[in-house]
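Reading through the structure tokens given below for one structure.
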Amino acid sequence: MSSSPSTISKVNKPYPFWLGGVAASIAASITHPLDLTKVRLQTSGDKGMIQSLKKTVHNNGTRGLFDGLTGTLLRQMTYSMTRFAAYDWAKAEVHKGPGPPPAWKMALAGSIAGGIAGVVGTPFETLMVRMQADKTKPVEQRYNYRNSVQGFYRMTSEEGISSWTRGMGPNTFRSILMNMSQLASYDWFKHELIKTKVLEDGPVLHFLASLGAATVCSPADVIKSRIMTAHGKGTSSTMGVIKQSLAKEGAMFMFKGWVPAWTRLQPTTILIFLTLEQLKKGVDVYRKAGGQLL
């Protein structure tokens, strides 16, 4: 069986399953202020990104831009590690033939990975959002988690195991949409760019592939937001929301809010895949030098 180059290293051995989680953690550490601001815009009365950033720095100093970072890292080392590992596994399961899988099989593998990761990552998503939004709340309503480990322990002991499933439905649906578009489209763009033979398989090609993947993510993000905020007649199902939006606004409704969504998703998506590719390159170099631990 011929395996995808994104799954198997150049010394014909699978890459460590945790590599995607490490890449996502590095990327999330860099873009954390943007994600923190996004969450606070959603949960507070701030009117814009710049205002929210200024408010955070004014109230908590520059270090305040990294509030809840341990929650983000725990989420990446659970949710993101699972989605990357599950995608490689699912891709190998749905495509047994030679060469790279077709786009629809990549999308199917991304959906499977997203579903698994959405379930695994839900409790840590809840924890992350709580930690990021905490300082926007009145003092008496704050959770005051010291770090992600203590926060997860308190969440479980105070609210029970049921707290792990809070928001699991919409979070898993979002995960399916995002991974179907992000992971599959990056793989597809990468393979197509390699086929042109214009660029070598290196950082420039990886940047362009991740640029395409981040753009494809935008419709999924818009659809997810529409479904989670929909109300009124005809909005009780996913297809109902999509049909209603198509009828009222046409296909371009999927690109509404593209600029702010792009601003948030683009740096993270690009950094994740660029970092992941460099980590894979490092594993290849280590193995070629005779290393046995990875």
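Ligands are numbered from 1 in the order shown, residues from 1 within each chain, and chains are lettered A, B, ... in the order they appear in the structure tokens.
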**Report entry** Which of region 97-197 of chain A DSSP labels helix (DSSP H, G or I), written as JSON, numbers by chain
**Finding:** {"A": [103, 104, 105, 106, 107, 108, 109, 110, 111, 112, 113, 114, 115, 116, 117, 118, 119, 120, 121, 122, 123, 124, 125, 126, 127, 128, 129, 130, 131, 132, 133, 134, 135, 136, 139, 140, 141, 148, 149, 150, 151, 152, 153, 154, 155, 156, 157, 158, 159, 161, 162, 163, 164, 165, 168, 169, 170, 171, 172, 173, 174, 175, 176, 177, 178, 179, 180, 181, 182, 183, 184, 185, 186, 187, 188, 189, 190, 191, 192, 193, 194, 195, 196]}
Residues of region 49-167 of chain A at most 12 Å from region 183-203 of chain A: nearest atom pair and distance in Å, only C-alpha atoms, as JSON lines:
```
{"residue": "A:Ser80", "atom": "CA", "partner": "A:Leu183", "partner_atom": "CA", "distance": 11.2}
{"residue": "A:Arg83", "atom": "CA", "partner": "A:Leu183", "partner_atom": "CA", "distance": 9.0}
{"residue": "A:Phe84", "atom": "CA", "partner": "A:Leu183", "partner_atom": "CA", "distance": 8.1}
{"residue": "A:Ala85", "atom": "CA", "partner": "A:Leu183", "partner_atom": "CA", "distance": 11.3}
{"residue": "A:Ala86", "atom": "CA", "partner": "A:Leu183", "partner_atom": "CA", "distance": 11.0}
{"residue": "A:Tyr87", "atom": "CA", "partner": "A:Leu183", "partner_atom": "CA", "distance": 7.8}
{"residue": "A:Asp88", "atom": "CA", "partner": "A:Leu183", "partner_atom": "CA", "distance": 10.0}
{"residue": "A:Ala90", "atom": "CA", "partner": "A:Ala184", "partner_atom": "CA", "distance": 11.5}
{"residue": "A:Lys91", "atom": "CA", "partner": "A:Ala184", "partner_atom": "CA", "distance": 9.7}
{"residue": "A:Gly99", "atom": "CA", "partner": "A:His191", "partner_atom": "CA", "distance": 10.2}
{"residue": "A:Pro100", "atom": "CA", "partner": "A:His191", "partner_atom": "CA", "distance": 7.7}
{"residue": "A:Pro101", "atom": "CA", "partner": "A:Trp188", "partner_atom": "CA", "distance": 8.9}
{"residue": "A:Pro102", "atom": "CA", "partner": "A:Trp188", "partner_atom": "CA", "distance": 8.2}
{"residue": "A:Ala103", "atom": "CA", "partner": "A:Trp188", "partner_atom": "CA", "distance": 6.4}
{"residue": "A:Trp104", "atom": "CA", "partner": "A:Ala184", "partner_atom": "CA", "distance": 8.6}
{"residue": "A:Lys105", "atom": "CA", "partner": "A:Ala184", "partner_atom": "CA", "distance": 8.5}
{"residue": "A:Met106", "atom": "CA", "partner": "A:Ala184", "partner_atom": "CA", "distance": 4.9}
{"residue": "A:Ala107", "atom": "CA", "partner": "A:Ala184", "partner_atom": "CA", "distance": 5.1}
{"residue": "A:Leu108", "atom": "CA", "partner": "A:Ala184", "partner_atom": "CA", "distance": 8.3}
{"residue": "A:Ala109", "atom": "CA", "partner": "A:Ala184", "partner_atom": "CA", "distance": 7.6}
{"residue": "A:Gly110", "atom": "CA", "partner": "A:Ala184", "partner_atom": "CA", "distance": 5.8}
{"residue": "A:Ser111", "atom": "CA", "partner": "A:Ala184", "partner_atom": "CA", "distance": 8.9}
{"residue": "A:Ile112", "atom": "CA", "partner": "A:Ala184", "partner_atom": "CA", "distance": 11.2}
{"residue": "A:Ala113", "atom": "CA", "partner": "A:Leu183", "partner_atom": "CA", "distance": 9.3}
{"residue": "A:Gly114", "atom": "CA", "partner": "A:Leu183", "partner_atom": "CA", "distance": 9.4}
```
Report task. Mind checking which residues fall within 7 Å of Val22 (chain A), counting only C-alpha atoms, ignoring those fewer than 4 positions away in the same chain, and posting them as a list in words? Result ->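 Residues near the query, excluding close chain neighbours: Trp18, Ile26 and Met77 of chain A.
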Keeping only C-alpha atoms, write those residues as a PDB file, in the first residue's frame.
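Wrote it out as result_33.pdb, contents follow:
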```
ATOM      1  CA  TRP A  18       1.598  13.581  19.064  1.00  0.00           C
ATOM      2  CA  ILE A  26       3.330  26.204  19.257  1.00  0.00           C
ATOM      3  CA  MET A  77      -2.608  18.578  23.305  1.00  0.00           C
TER       4      MET A  77
END
```
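Neighbours of Gln76 (chain A) closer than or equal to 6 Å, with only C-alpha atoms counted and sequence neighbours fewer than 5 positions away skipped, come out as Gly21, Ala24 and Ser25 of chain A.
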Requested write-out: N, CA and C atoms of the selected residues, as an mmCIF file, in the first residue's frame:
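Output contents, as saved in out34.cif:
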```
data_model
loop_
_atom_site.group_PDB
_atom_site.id
_atom_site.type_symbol
_atom_site.label_atom_id
_atom_site.label_comp_id
_atom_site.auth_asym_id
_atom_site.auth_seq_id
_atom_site.Cartn_x
_atom_site.Cartn_y
_atom_site.Cartn_z
ATOM 1 N N GLY A 21 -0.263 17.733 17.798
ATOM 2 C CA GLY A 21 -0.565 18.465 19.027
ATOM 3 C C GLY A 21 0.529 19.449 19.390
ATOM 4 N N ALA A 24 0.321 22.402 16.904
ATOM 5 C CA ALA A 24 -0.827 23.261 17.234
ATOM 6 C C ALA A 24 -0.560 24.064 18.502
ATOM 7 N N SER A 25 0.143 23.473 19.468
ATOM 8 C CA SER A 25 0.460 24.181 20.715
ATOM 9 C C SER A 25 1.400 25.344 20.459
#
```
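Using only C-alpha atoms, the smallest distance between any of A:Val149, A:Val216, A:Ile176, A:Val285 and Leu127 (chain A) comes from A:Val149.
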**Report entry** Neighbour list for Ile272 (chain A) as a PyMOL selection string, cut-off 9 Å, only C-alpha atoms, skip fewer than 5 positions in-chain
**Finding:** chain A and resi 20+23-28+210+267+277
Query raised in the report: Of the residues A:Ala251, A:Ala117, A:Leu36, A:Val94, which is the one nearest to Leu177 (chain A), using only C-alpha atoms?
Result: A:Ala117
Query raised in the report: A:Thr37, A:Thr126, A:Val204, A:Gly118: which is nearest Met178 (chain A), counting only C-alpha atoms?
Result: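 Ranking A:Thr37, A:Thr126, A:Val204, A:Gly118 by distance to Met178 (chain A), first place goes to A:Gly118.
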Query raised in the report: From the list A:Ala133, A:Val119, A:Leu274, A:Leu211, which residue is nearest Thr56 (chain A) when using only C-alpha atoms?
Result: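 Of all the options, A:Ala133 lies closest to Thr56 (chain A).
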